[in-house]
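Only one structure is covered here, and it is reproduced in the block below.
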Amino acid sequence: MAVIGSGPAGFYTAYKVMSRLENAKVDMFEQLPVPYGLVRYGVAPDHPEVKNCQDKFEEVAGSPNFSFMGNVTVGDFPGQLPLRTMAPHYDAICFAYGASKDRLLDIPGEKSLSGIYSARAFVGWYNGLPEYADLNPDLTQGEEATIIGQGNVALDVARILLQDTGALKSTDIAEHAIETLQNSKVKRIRIVGRRGPLQAAYTIKEIRELVKLPNVAFHPVDESLIPKDIEALSRPQKRLMELLKKGSKTKVESAEKSWSLDFCLAPRAFIASKPSDTQLGSITFEKMTLSPDPFDPNAKANSAHKRIQIPSTLCFRSIGYRSEPLHSLPGSSEFLLPFHDCFGIIPNDGEGRVRQPVTRIQTPKAFEANKQWYTDTAASQWTPIDNDAMHRSQSLSGEEHSINLPFLYCAGWVKRGPTGVIASTMADAFATADTIVHDWTCQGRLYSFPHPIGGLPEKSTGLGWEGVKRAPEYKYLRRVSWEDWKRLDAEEKRRGQLKGKEREKFTSIKKMLDFIDTTRL
């Protein structure tokens with residue numbers, strides 16, 4: 001089996017399949033030279049306990065039936081590994097490459113003004129992700145900062161900005177981030193959401209950590225948004241509302257820094273500090289009301305037809321991540337993996353099997369690219385797509401249907417969307433793994449139909465990476481093995497020890513590869 005992506009979804013899928021199918025072999029592909037995905041680059045540096053799942057991943061990687069293909073990107077561009085090239089050599093392929101981009105607000109000023117950053121980019125920057133090593137966020141333009149979105153990532157960003165950098169120096173935070181944070185002028189942070197405290201996505205753990213920050217004050221929440229009878233709430237909601245009402249020990253008037261949760265506000269425009277300037281100066285928000293009432297967990301936000309302007313020279317957009325389709329050249333005749341652009345996921349049956357939307361009247365590009373396969377095998381297998389809202393959003397004319405694509409599976413955020421924590425990703429990955437095992441052992445689905453990638457044999461060669469190495473594209477690949485990664489890992493820890501911290505990460509792919517080359521036997 002090939003697994004594309006080395007984050008929690010990929011590793012948990014591999015673990016489950018390997019534990020249930022004797023002698024199952026897994027090749028894991030990762031576009032970076034290093035594994036673990038968001039565990040390495042998305043978890044806050046002051047939350048090392050969240051990274052304990054790496055111990056299980058190490059156990060999986062220690063199996064002789066596991067191989068790591070680091071620094072190998074699956075796609076059609078030069079230097080990448082085409083799906084068509086690798087597919088003949090695997091009995092199953094599981095896409096578990098996560099969500100690598102963030103969602104946009106699409107409001108005036110978002111792309112033209114400086115001082116506006118993606119929370120994902122900021123998190124990647126302070127965690128040493130090579131893609132954002134040169135982000136260099138300017139934290140010196142003023143004291144007011146705004147974070148749009150109220151999930152745990154937003155709270156992580158606020159906590160990193162507010163806490164004393166001395167508390168971060170012993171973590172694996174990137175050295176360049178410490179230097180920038182030490183020079184920060186930010187003293188007041190607003191964490192803004194469209195709905196109220198009972199609908200927000202954050203968890204009590206993250207709120208508690210912010211409330212307990214020394215010399216940092218929490219501005220009181222609008223009590224009209226908190227139920228008077230807190231005792232009637234569920235235990236988790238009750239504890240959260242009690243914490244919000246209690247607030248912080250440090251008072252606003254005596255605090256060095258402060259933060260607030262600003263509810264029922266929707267961003268409408270970013271405003272320059274001066275008409276002729278390109279620096280963010282303030283943000284226009286529209287006030288919202290909640291219906292049917294503010295205490296309904298599923299309350300909808302509606303405009304109150306009133307706008308306010310909040311001063312802010314720094315803003316972080318934290319409204320969610322999104323997955324992307326596999327890299328494909330424009331006009332490519334290669335197999336196109338199905339992808340729902342609106343929802344940012346690979347369409348699937350909910351159990352991990354990839355599904356291909358098709359229509360009798362107008363065929364989407366992916367259907368056209370594999371027309372012969374559908375013509376020969378699919379006519380009798382058309383079944384309605386399960387999620388009506390999903391397929392309506394695709395705006396395909398005609399009656400739309402979908403079919404399972406044998407051999408192809410997905411897990412994690414690219415399967416269900418970027419929601420949940422590592423535990424929920426584990427459960428999702430286990431479900432996909434169970435589907436793969438079921439198809440292999442019970443129904444023989446892996447061999448039931450012609451390969452969905454037109455022209456390929458029904459049955460895999462079973463050669464895995466050894467088969468890929470025989471392809472012409474192999475000479476353009478520069479694979480990083482698990483042994484290579486372990487040497488890199490040891491070097492990061494050695495460098496960290498010299499600075500009194502857990503590790504000092506390489507923040508450049510070139511430097512990673514140079515180190516691996518110089519230490520490879």
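Naming works like this for the structure tokens: A, B, ... for the chains as they're shown, residue 1 at the start of each chain, ligands 1 onward in shown order.
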
Might you pull out every residue within 10 Å of segment 439-443 of chain A, with only C-alpha atoms counted and same-chain residues fewer than 4 positions away left off, and present them as an NGL selection string?
-> :A and (21 or 91-92 or 353 or 406-407 or 433-435 or 447-448)

Return as CSV the residues of segment 171-195 of chain A lying at most 9 Å from segment 151-163 of chain A, together with the closest atom-to-atom pair for each and the distance in Å to one decimal, counting only C-alpha atoms, with rows in chain order and ascending residue number.
residue,atom,partner,partner_atom,distance
A:Leu181,CA,A:Leu161,CA,7.0
A:Ser184,CA,A:Leu161,CA,8.0
A:Val186,CA,A:Leu161,CA,7.3
A:Lys187,CA,A:Leu162,CA,7.3
A:Arg188,CA,A:Leu162,CA,8.6
A:Ile189,CA,A:Ala158,CA,7.0
A:Arg190,CA,A:Ala158,CA,8.7
A:Ile191,CA,A:Ala154,CA,7.3

Keeping only N, CA and C atoms, write those residues as an mmCIF file, in the first residue's frame.
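File part_24.cif, as written:
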data_model
loop_
_atom_site.group_PDB
_atom_site.id
_atom_site.type_symbol
_atom_site.label_atom_id
_atom_site.label_comp_id
_atom_site.auth_asym_id
_atom_site.auth_seq_id
_atom_site.Cartn_x
_atom_site.Cartn_y
_atom_site.Cartn_z
ATOM 1 N N LEU A 181 9.656 37.942 18.252
ATOM 2 C CA LEU A 181 8.704 38.107 19.358
ATOM 3 C C LEU A 181 9.266 38.997 20.461
ATOM 4 N N SER A 184 8.474 42.524 19.659
ATOM 5 C CA SER A 184 7.064 42.828 19.400
ATOM 6 C C SER A 184 6.564 43.979 20.269
ATOM 7 N N VAL A 186 3.152 44.440 20.386
ATOM 8 C CA VAL A 186 1.748 44.086 20.584
ATOM 9 C C VAL A 186 1.428 43.961 22.076
ATOM 10 N N LYS A 187 0.383 44.697 22.498
ATOM 11 C CA LYS A 187 -0.033 44.649 23.897
ATOM 12 C C LYS A 187 -1.515 44.349 24.073
ATOM 13 N N ARG A 188 -2.276 44.521 23.007
ATOM 14 C CA ARG A 188 -3.726 44.324 23.105
ATOM 15 C C ARG A 188 -4.201 43.465 21.931
ATOM 16 N N ILE A 189 -4.832 42.319 22.245
ATOM 17 C CA ILE A 189 -5.282 41.399 21.201
ATOM 18 C C ILE A 189 -6.779 41.149 21.319
ATOM 19 N N ARG A 190 -7.461 41.270 20.191
ATOM 20 C CA ARG A 190 -8.881 40.911 20.109
ATOM 21 C C ARG A 190 -9.014 39.636 19.284
ATOM 22 N N ILE A 191 -9.705 38.652 19.826
ATOM 23 C CA ILE A 191 -9.983 37.407 19.116
ATOM 24 C C ILE A 191 -11.457 37.442 18.742
#

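For Glu175 of chain A, the non-local neighbours within 9 Å, defined as residues at least 2 positions apart in the same chain or in other chains and counting only C-alpha atoms, are A:Tyr126, A:Gly128, A:Lys169, A:Asp172, A:Ile173, A:Ala177, A:Ile178, A:Glu179, A:Thr180, A:Glu504, A:Lys505.
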
Go ahead and save the picked residues with all heavy atoms, as an mmCIF file, in the first residue's frame.
data_model
loop_
_atom_site.group_PDB
_atom_site.id
_atom_site.type_symbol
_atom_site.label_atom_id
_atom_site.label_comp_id
_atom_site.auth_asym_id
_atom_site.auth_seq_id
_atom_site.Cartn_x
_atom_site.Cartn_y
_atom_site.Cartn_z
ATOM 1 N N TYR A 126 6.674 30.206 13.149
ATOM 2 C CA TYR A 126 7.323 30.028 14.454
ATOM 3 C C TYR A 126 7.659 28.568 14.740
ATOM 4 O O TYR A 126 8.456 28.278 15.640
ATOM 5 C CB TYR A 126 6.538 30.693 15.604
ATOM 6 C CG TYR A 126 5.182 30.155 15.970
ATOM 7 C CD1 TYR A 126 4.992 28.859 16.425
ATOM 8 C CD2 TYR A 126 4.063 30.997 15.942
ATOM 9 C CE1 TYR A 126 3.744 28.398 16.816
ATOM 10 C CE2 TYR A 126 2.807 30.546 16.324
ATOM 11 C CZ TYR A 126 2.659 29.251 16.771
ATOM 12 O OH TYR A 126 1.412 28.804 17.164
ATOM 13 N N GLY A 128 9.047 26.669 12.322
ATOM 14 C CA GLY A 128 10.175 26.335 11.461
ATOM 15 C C GLY A 128 9.827 25.668 10.152
ATOM 16 O O GLY A 128 10.693 25.046 9.524
ATOM 17 N N LYS A 169 11.740 29.814 25.208
ATOM 18 C CA LYS A 169 13.111 29.569 24.765
ATOM 19 C C LYS A 169 13.554 28.120 24.906
ATOM 20 O O LYS A 169 14.427 27.658 24.169
ATOM 21 C CB LYS A 169 14.071 30.483 25.527
ATOM 22 C CG LYS A 169 14.012 31.936 25.068
ATOM 23 C CD LYS A 169 15.045 32.781 25.783
ATOM 24 C CE LYS A 169 15.049 34.213 25.256
ATOM 25 N NZ LYS A 169 16.055 35.067 25.932
ATOM 26 N N ASP A 172 10.825 23.911 21.186
ATOM 27 C CA ASP A 172 11.420 23.768 19.855
ATOM 28 C C ASP A 172 10.994 24.877 18.900
ATOM 29 O O ASP A 172 11.079 24.725 17.683
ATOM 30 C CB ASP A 172 11.100 22.392 19.256
ATOM 31 C CG ASP A 172 9.614 22.201 18.976
ATOM 32 O OD1 ASP A 172 8.815 23.083 19.355
ATOM 33 O OD2 ASP A 172 9.251 21.167 18.382
ATOM 34 N N ILE A 173 10.550 26.015 19.442
ATOM 35 C CA ILE A 173 10.203 27.149 18.594
ATOM 36 C C ILE A 173 11.435 27.588 17.798
ATOM 37 O O ILE A 173 12.575 27.494 18.271
ATOM 38 C CB ILE A 173 9.662 28.319 19.451
ATOM 39 C CG1 ILE A 173 9.046 29.404 18.565
ATOM 40 C CG2 ILE A 173 10.753 28.893 20.345
ATOM 41 C CD1 ILE A 173 8.295 30.474 19.354
ATOM 42 N N ALA A 177 11.927 33.116 15.349
ATOM 43 C CA ALA A 177 10.674 33.566 15.947
ATOM 44 C C ALA A 177 10.906 34.217 17.300
ATOM 45 O O ALA A 177 10.272 35.231 17.637
ATOM 46 C CB ALA A 177 9.713 32.389 16.087
ATOM 47 N N ILE A 178 11.810 33.649 18.087
ATOM 48 C CA ILE A 178 12.130 34.240 19.399
ATOM 49 C C ILE A 178 12.628 35.668 19.228
ATOM 50 O O ILE A 178 12.204 36.598 19.941
ATOM 51 C CB ILE A 178 13.192 33.391 20.130
ATOM 52 C CG1 ILE A 178 12.581 32.073 20.624
ATOM 53 C CG2 ILE A 178 13.780 34.158 21.315
ATOM 54 C CD1 ILE A 178 11.572 32.224 21.736
ATOM 55 N N GLU A 179 13.507 35.864 18.276
ATOM 56 C CA GLU A 179 14.077 37.200 18.055
ATOM 57 C C GLU A 179 12.991 38.203 17.672
ATOM 58 O O GLU A 179 12.970 39.337 18.163
ATOM 59 C CB GLU A 179 15.137 37.122 16.956
ATOM 60 C CG GLU A 179 16.346 36.268 17.329
ATOM 61 C CD GLU A 179 17.276 36.014 16.156
ATOM 62 O OE1 GLU A 179 16.997 36.546 15.063
ATOM 63 O OE2 GLU A 179 18.265 35.272 16.324
ATOM 64 N N THR A 180 12.073 37.797 16.797
ATOM 65 C CA THR A 180 10.994 38.690 16.364
ATOM 66 C C THR A 180 10.012 38.963 17.499
ATOM 67 O O THR A 180 9.578 40.111 17.701
ATOM 68 C CB THR A 180 10.250 38.090 15.163
ATOM 69 O OG1 THR A 180 11.176 37.919 14.085
ATOM 70 C CG2 THR A 180 9.114 38.984 14.706
ATOM 71 N N GLU A 504 16.597 22.334 17.689
ATOM 72 C CA GLU A 504 16.652 23.495 16.804
ATOM 73 C C GLU A 504 16.461 22.962 15.388
ATOM 74 O O GLU A 504 17.339 22.301 14.820
ATOM 75 C CB GLU A 504 17.981 24.233 16.929
ATOM 76 C CG GLU A 504 18.091 25.477 16.060
ATOM 77 C CD GLU A 504 17.047 26.526 16.390
ATOM 78 O OE1 GLU A 504 16.648 26.629 17.572
ATOM 79 O OE2 GLU A 504 16.624 27.246 15.456
ATOM 80 N N LYS A 505 15.300 23.218 14.811
ATOM 81 C CA LYS A 505 14.940 22.635 13.523
ATOM 82 C C LYS A 505 15.700 23.268 12.361
ATOM 83 O O LYS A 505 16.012 24.464 12.387
ATOM 84 C CB LYS A 505 13.431 22.807 13.275
ATOM 85 C CG LYS A 505 12.543 22.088 14.250
ATOM 86 C CD LYS A 505 11.079 22.444 13.987
ATOM 87 C CE LYS A 505 10.161 21.841 15.026
ATOM 88 N NZ LYS A 505 8.772 22.326 14.884
#

So which one's closest to Asp293 of chain A, A:His340, A:Arg195, A:His47, A:His219? Using only C-alpha atoms, please.
-> A:Arg195

For Pro35 of chain A: contacts at 8 Å, only C-alpha atoms, fewer than 5 positions along chain excluded, given as a PyMOL selection string = chain A and resi 6-7+30+40+70+485

In segment 37-198 of chain A, what's alpha helix (DSSP H) per DSSP? Answer as a PyMOL selection string?
-> chain A and resi 38-41+53-61+83-86+119-126+152-162+175-182

Which residues are near segment 416-431 of chain A? Cut-off 9 Å, only C-alpha atoms, ignore same chain within fewer than 2 positions. Put them as a short mmCIF file (atom, residue, chain, number, x, y, z; two decimals) with all heavy atoms, in the first residue's frame.
data_model
loop_
_atom_site.label_atom_id
_atom_site.label_comp_id
_atom_site.auth_asym_id
_atom_site.auth_seq_id
_atom_site.Cartn_x
_atom_site.Cartn_y
_atom_site.Cartn_z
N PRO A 8 -0.54 12.59 11.06
CA PRO A 8 -1.29 11.61 11.85
C PRO A 8 -2.20 10.71 11.02
O PRO A 8 -2.27 9.50 11.27
CB PRO A 8 -2.08 12.49 12.81
CG PRO A 8 -1.26 13.73 12.96
CD PRO A 8 -0.64 13.95 11.61
N ALA A 9 -2.91 11.27 10.04
CA ALA A 9 -3.83 10.45 9.24
C ALA A 9 -3.07 9.35 8.50
O ALA A 9 -3.51 8.19 8.46
CB ALA A 9 -4.59 11.32 8.24
N GLY A 10 -1.93 9.69 7.92
CA GLY A 10 -1.14 8.71 7.19
C GLY A 10 -0.59 7.63 8.09
O GLY A 10 -0.69 6.43 7.80
N PHE A 11 0.00 8.04 9.22
CA PHE A 11 0.61 7.07 10.11
C PHE A 11 -0.42 6.17 10.79
O PHE A 11 -0.20 4.96 10.93
CB PHE A 11 1.47 7.78 11.16
CG PHE A 11 2.92 7.87 10.77
CD1 PHE A 11 3.46 9.06 10.33
CD2 PHE A 11 3.75 6.76 10.85
CE1 PHE A 11 4.80 9.15 9.96
CE2 PHE A 11 5.09 6.83 10.50
CZ PHE A 11 5.62 8.03 10.05
N TYR A 12 -1.54 6.75 11.21
CA TYR A 12 -2.55 5.92 11.87
C TYR A 12 -3.19 4.94 10.88
O TYR A 12 -3.53 3.81 11.25
CB TYR A 12 -3.61 6.79 12.53
CG TYR A 12 -3.17 7.37 13.85
CD1 TYR A 12 -3.24 8.74 14.10
CD2 TYR A 12 -2.69 6.55 14.87
CE1 TYR A 12 -2.83 9.28 15.32
CE2 TYR A 12 -2.28 7.08 16.09
CZ TYR A 12 -2.35 8.44 16.30
OH TYR A 12 -1.94 8.96 17.51
N THR A 13 -3.38 5.35 9.62
CA THR A 13 -3.89 4.42 8.62
C THR A 13 -2.90 3.28 8.41
O THR A 13 -3.28 2.10 8.37
CB THR A 13 -4.14 5.14 7.28
OG1 THR A 13 -5.07 6.21 7.48
CG2 THR A 13 -4.71 4.18 6.25
N ALA A 14 -1.62 3.62 8.27
CA ALA A 14 -0.59 2.60 8.08
C ALA A 14 -0.55 1.64 9.27
O ALA A 14 -0.46 0.42 9.09
CB ALA A 14 0.76 3.27 7.88
N TYR A 15 -0.59 2.20 10.46
CA TYR A 15 -0.52 1.38 11.68
C TYR A 15 -1.66 0.37 11.73
O TYR A 15 -1.44 -0.83 11.99
CB TYR A 15 -0.57 2.29 12.91
CG TYR A 15 -0.92 1.56 14.19
CD1 TYR A 15 -0.02 0.68 14.78
CD2 TYR A 15 -2.16 1.75 14.79
CE1 TYR A 15 -0.35 0.01 15.95
CE2 TYR A 15 -2.50 1.09 15.95
CZ TYR A 15 -1.59 0.22 16.52
OH TYR A 15 -1.92 -0.45 17.68
N LYS A 16 -2.87 0.83 11.46
CA LYS A 16 -4.03 -0.05 11.56
C LYS A 16 -3.99 -1.14 10.50
O LYS A 16 -4.28 -2.31 10.79
CB LYS A 16 -5.30 0.78 11.42
CG LYS A 16 -6.58 0.03 11.75
CD LYS A 16 -6.71 -0.21 13.24
CE LYS A 16 -8.12 -0.66 13.60
NZ LYS A 16 -8.27 -0.91 15.05
N VAL A 17 -3.67 -0.78 9.27
CA VAL A 17 -3.60 -1.78 8.20
C VAL A 17 -2.51 -2.80 8.50
O VAL A 17 -2.72 -4.02 8.37
CB VAL A 17 -3.34 -1.11 6.84
CG1 VAL A 17 -3.01 -2.15 5.77
CG2 VAL A 17 -4.56 -0.30 6.41
N VAL A 39 1.93 17.65 13.21
CA VAL A 39 2.48 17.37 14.54
C VAL A 39 3.80 18.10 14.71
O VAL A 39 4.09 18.65 15.78
CB VAL A 39 2.66 15.85 14.76
CG1 VAL A 39 3.33 15.58 16.10
CG2 VAL A 39 1.32 15.14 14.71
N VAL A 50 1.30 17.12 23.22
CA VAL A 50 0.47 16.77 22.07
C VAL A 50 1.27 15.97 21.05
O VAL A 50 0.71 15.20 20.26
CB VAL A 50 -0.12 18.05 21.43
CG1 VAL A 50 -0.97 17.72 20.21
CG2 VAL A 50 -0.94 18.82 22.45
N CYS A 53 2.25 11.46 20.23
CA CYS A 53 1.84 10.48 19.22
C CYS A 53 3.00 10.07 18.32
O CYS A 53 2.97 9.01 17.68
CB CYS A 53 0.69 11.02 18.38
SG CYS A 53 1.06 12.56 17.50
N ALA A 96 -3.61 10.89 2.22
CA ALA A 96 -3.74 11.40 3.58
C ALA A 96 -2.84 12.62 3.75
O ALA A 96 -2.14 12.76 4.75
CB ALA A 96 -3.37 10.31 4.60
N GLY A 98 -3.55 15.82 4.07
CA GLY A 98 -3.96 16.93 4.91
C GLY A 98 -4.45 18.17 4.19
O GLY A 98 -4.88 18.12 3.04
N ALA A 99 -4.35 19.29 4.89
CA ALA A 99 -4.84 20.58 4.37
C ALA A 99 -3.69 21.58 4.43
O ALA A 99 -3.31 22.02 5.51
CB ALA A 99 -6.04 21.07 5.19
N GLY A 320 -9.84 28.75 9.18
CA GLY A 320 -9.82 27.37 8.73
C GLY A 320 -8.81 27.09 7.64
O GLY A 320 -8.38 27.98 6.91
N TYR A 321 -8.41 25.82 7.56
CA TYR A 321 -7.51 25.34 6.53
C TYR A 321 -8.33 24.74 5.39
O TYR A 321 -9.52 24.51 5.52
CB TYR A 321 -6.57 24.26 7.08
CG TYR A 321 -5.61 24.71 8.15
CD1 TYR A 321 -4.78 23.80 8.80
CD2 TYR A 321 -5.51 26.05 8.54
CE1 TYR A 321 -3.88 24.19 9.79
CE2 TYR A 321 -4.62 26.45 9.52
CZ TYR A 321 -3.80 25.52 10.15
OH TYR A 321 -2.92 25.91 11.11
N ARG A 322 -7.67 24.45 4.28
CA ARG A 322 -8.32 23.71 3.22
C ARG A 322 -7.30 22.86 2.47
O ARG A 322 -6.12 23.22 2.37
CB ARG A 322 -9.05 24.64 2.25
CG ARG A 322 -8.19 25.56 1.43
CD ARG A 322 -9.02 26.31 0.39
NE ARG A 322 -9.35 25.46 -0.75
CZ ARG A 322 -10.59 25.11 -1.07
NH1 ARG A 322 -11.61 25.51 -0.34
NH2 ARG A 322 -10.81 24.34 -2.11
N SER A 323 -7.77 21.72 2.00
CA SER A 323 -6.91 20.83 1.21
C SER A 323 -6.88 21.30 -0.23
O SER A 323 -7.71 22.10 -0.66
CB SER A 323 -7.43 19.40 1.28
OG SER A 323 -7.45 18.92 2.60
N PHE A 343 -15.64 22.21 -1.21
CA PHE A 343 -15.48 21.69 0.14
C PHE A 343 -14.03 21.39 0.49
O PHE A 343 -13.71 21.12 1.64
CB PHE A 343 -16.32 20.42 0.32
CG PHE A 343 -17.80 20.69 0.33
CD1 PHE A 343 -18.51 20.77 -0.85
CD2 PHE A 343 -18.48 20.89 1.52
CE1 PHE A 343 -19.87 21.03 -0.85
CE2 PHE A 343 -19.83 21.16 1.54
CZ PHE A 343 -20.54 21.22 0.35
N GLY A 344 -13.15 21.41 -0.51
CA GLY A 344 -11.75 21.17 -0.25
C GLY A 344 -11.46 19.76 0.22
O GLY A 344 -10.62 19.56 1.11
N ILE A 345 -12.14 18.76 -0.35
CA ILE A 345 -11.91 17.37 0.04
C ILE A 345 -11.90 16.49 -1.20
O ILE A 345 -12.36 16.88 -2.27
CB ILE A 345 -12.98 16.85 1.01
CG1 ILE A 345 -14.36 16.83 0.35
CG2 ILE A 345 -12.99 17.64 2.31
CD1 ILE A 345 -15.42 16.08 1.14
N ILE A 346 -11.37 15.28 -1.05
CA ILE A 346 -11.52 14.25 -2.06
C ILE A 346 -12.88 13.60 -1.84
O ILE A 346 -13.16 13.12 -0.73
CB ILE A 346 -10.40 13.20 -1.94
CG1 ILE A 346 -9.04 13.83 -2.24
CG2 ILE A 346 -10.66 12.03 -2.89
CD1 ILE A 346 -7.86 12.90 -1.99
N PRO A 347 -13.77 13.58 -2.83
CA PRO A 347 -15.08 12.98 -2.63
C PRO A 347 -14.95 11.50 -2.27
O PRO A 347 -14.14 10.78 -2.86
CB PRO A 347 -15.79 13.17 -3.97
CG PRO A 347 -14.71 13.43 -4.95
CD PRO A 347 -13.61 14.09 -4.21
N ASN A 348 -15.73 11.06 -1.28
CA ASN A 348 -15.60 9.69 -0.80
C ASN A 348 -16.92 9.21 -0.23
O ASN A 348 -17.86 9.98 -0.05
CB ASN A 348 -14.48 9.61 0.25
CG ASN A 348 -14.78 10.45 1.48
OD1 ASN A 348 -15.38 9.98 2.44
ND2 ASN A 348 -14.39 11.73 1.46
N GLY A 350 -17.55 8.19 2.74
CA GLY A 350 -17.63 8.33 4.19
C GLY A 350 -16.85 7.26 4.93
O GLY A 350 -16.56 7.40 6.12
N GLU A 351 -16.50 6.20 4.23
CA GLU A 351 -15.73 5.11 4.82
C GLU A 351 -14.30 5.08 4.30
O GLU A 351 -13.52 4.20 4.65
CB GLU A 351 -16.41 3.77 4.55
CG GLU A 351 -17.79 3.67 5.19
CD GLU A 351 -18.48 2.34 4.89
OE1 GLU A 351 -18.00 1.62 3.98
OE2 GLU A 351 -19.47 2.04 5.55
N GLY A 352 -13.98 6.03 3.43
CA GLY A 352 -12.61 6.13 2.93
C GLY A 352 -12.42 5.77 1.48
O GLY A 352 -11.33 5.98 0.93
N CYS A 410 -8.92 7.49 0.97
CA CYS A 410 -8.46 8.75 1.57
C CYS A 410 -8.74 8.73 3.07
O CYS A 410 -9.62 8.00 3.56
CB CYS A 410 -9.13 9.96 0.91
SG CYS A 410 -10.93 9.95 0.91
N ALA A 411 -7.99 9.55 3.81
CA ALA A 411 -8.12 9.59 5.27
C ALA A 411 -7.74 10.98 5.77
O ALA A 411 -6.98 11.71 5.14
CB ALA A 411 -7.22 8.53 5.91
N GLY A 412 -8.29 11.33 6.94
CA GLY A 412 -7.93 12.59 7.58
C GLY A 412 -8.65 13.79 7.00
O GLY A 412 -9.77 13.69 6.50
N TRP A 413 -7.98 14.94 7.03
CA TRP A 413 -8.61 16.20 6.63
C TRP A 413 -8.97 16.22 5.16
O TRP A 413 -9.95 16.86 4.77
CB TRP A 413 -7.69 17.37 6.97
CG TRP A 413 -7.72 17.72 8.43
CD1 TRP A 413 -8.40 17.05 9.42
CD2 TRP A 413 -7.04 18.80 9.07
NE1 TRP A 413 -8.17 17.66 10.64
CE2 TRP A 413 -7.34 18.73 10.44
CE3 TRP A 413 -6.21 19.81 8.60
CZ2 TRP A 413 -6.84 19.64 11.37
CZ3 TRP A 413 -5.70 20.72 9.52
CH2 TRP A 413 -6.02 20.64 10.89
N VAL A 414 -8.19 15.56 4.32
CA VAL A 414 -8.52 15.55 2.89
C VAL A 414 -9.74 14.69 2.62
O VAL A 414 -10.35 14.77 1.55
CB VAL A 414 -7.30 15.08 2.06
CG1 VAL A 414 -7.13 13.56 2.14
CG2 VAL A 414 -7.40 15.56 0.62
N ALA A 433 -8.70 2.61 7.36
CA ALA A 433 -7.90 1.38 7.40
C ALA A 433 -8.79 0.15 7.46
O ALA A 433 -8.54 -0.86 6.78
CB ALA A 433 -6.94 1.41 8.58
N ASP A 434 -9.84 0.21 8.27
CA ASP A 434 -10.78 -0.92 8.36
C ASP A 434 -11.45 -1.18 7.01
O ASP A 434 -11.69 -2.33 6.64
CB ASP A 434 -11.84 -0.63 9.42
CG ASP A 434 -11.31 -0.73 10.84
OD1 ASP A 434 -10.25 -1.36 11.02
OD2 ASP A 434 -11.94 -0.16 11.76
N THR A 435 -11.75 -0.10 6.27
CA THR A 435 -12.33 -0.26 4.93
C THR A 435 -11.36 -0.96 3.99
O THR A 435 -11.75 -1.85 3.22
CB THR A 435 -12.71 1.12 4.35
OG1 THR A 435 -13.72 1.72 5.18
CG2 THR A 435 -13.24 1.01 2.94
N ILE A 436 -10.10 -0.54 4.04
CA ILE A 436 -9.08 -1.16 3.19
C ILE A 436 -8.96 -2.65 3.50
O ILE A 436 -8.93 -3.50 2.61
CB ILE A 436 -7.73 -0.45 3.35
CG1 ILE A 436 -7.82 1.00 2.85
CG2 ILE A 436 -6.62 -1.20 2.60
CD1 ILE A 436 -6.61 1.86 3.19
#

Would you kindly return, as a compact mmCIF listing (two decimals) with C-alpha atoms, in the first residue's frame, each protein, DNA or RNA residue with an atom no farther than 10 Å from any atom of Leu213 of chain A, considering only C-alpha atoms and excluding same-chain residues fewer than 4 positions away?
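Here's the written file result10.txt:
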# COMPACT_ATOMS: atom_id res chain seq x y z
CA ARG A 159 -0.83 32.91 23.44
CA LEU A 162 1.14 37.46 24.68
CA GLN A 163 3.39 35.27 26.78
CA ASP A 164 6.91 36.06 27.93
CA ARG A 208 -7.63 28.41 30.57
CA GLU A 209 -4.02 28.72 29.39
CA ALA A 217 -5.47 40.48 31.63
CA PHE A 218 -8.68 39.15 30.11
CA SER A 248 -8.15 36.49 34.91
CA LYS A 249 -6.53 37.39 38.23
CA THR A 250 -4.62 40.20 36.56
CA LYS A 257 -0.82 43.05 28.04
CA SER A 258 -4.47 42.12 27.58

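Minimum distance to Glu206 of chain A across A:Asn302, A:Leu243, A:Phe295, A:Leu336 (counting only C-alpha atoms) occurs at A:Leu243.
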
Would you mind telling me which residue in A:Ile147, A:Asp138, A:Val192, A:Ile516 lies nearest to Glu483 of chain A when using only C-alpha atoms?
-> A:Ile516

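You can rank A:Gln31, A:Ser19, A:Ser112, A:Ser100 by their closest distance to Val60 of chain A using only C-alpha atoms, and at the top of that list sits A:Ser19.
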
Selected residue of minimal separation from Ala119 of chain A among A:Ala301, A:Ala61, A:Leu135, A:Ile226, counting only C-alpha atoms = A:Leu135

Interatomic distance (Å, one decimal) between atom CA of Leu168 of chain A and atom CA of Arg317 of chain A | 23.0 Å

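Closest approach to Gly464 of chain A from the set A:Met18, A:Gln356, A:Ile93, A:Asp46 is made by A:Ile93, with distances taken over only C-alpha atoms.
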
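Here atom CA of Gly62 of chain A stands at a distance of 15.9 Å from atom CA of Phe29 of chain A.
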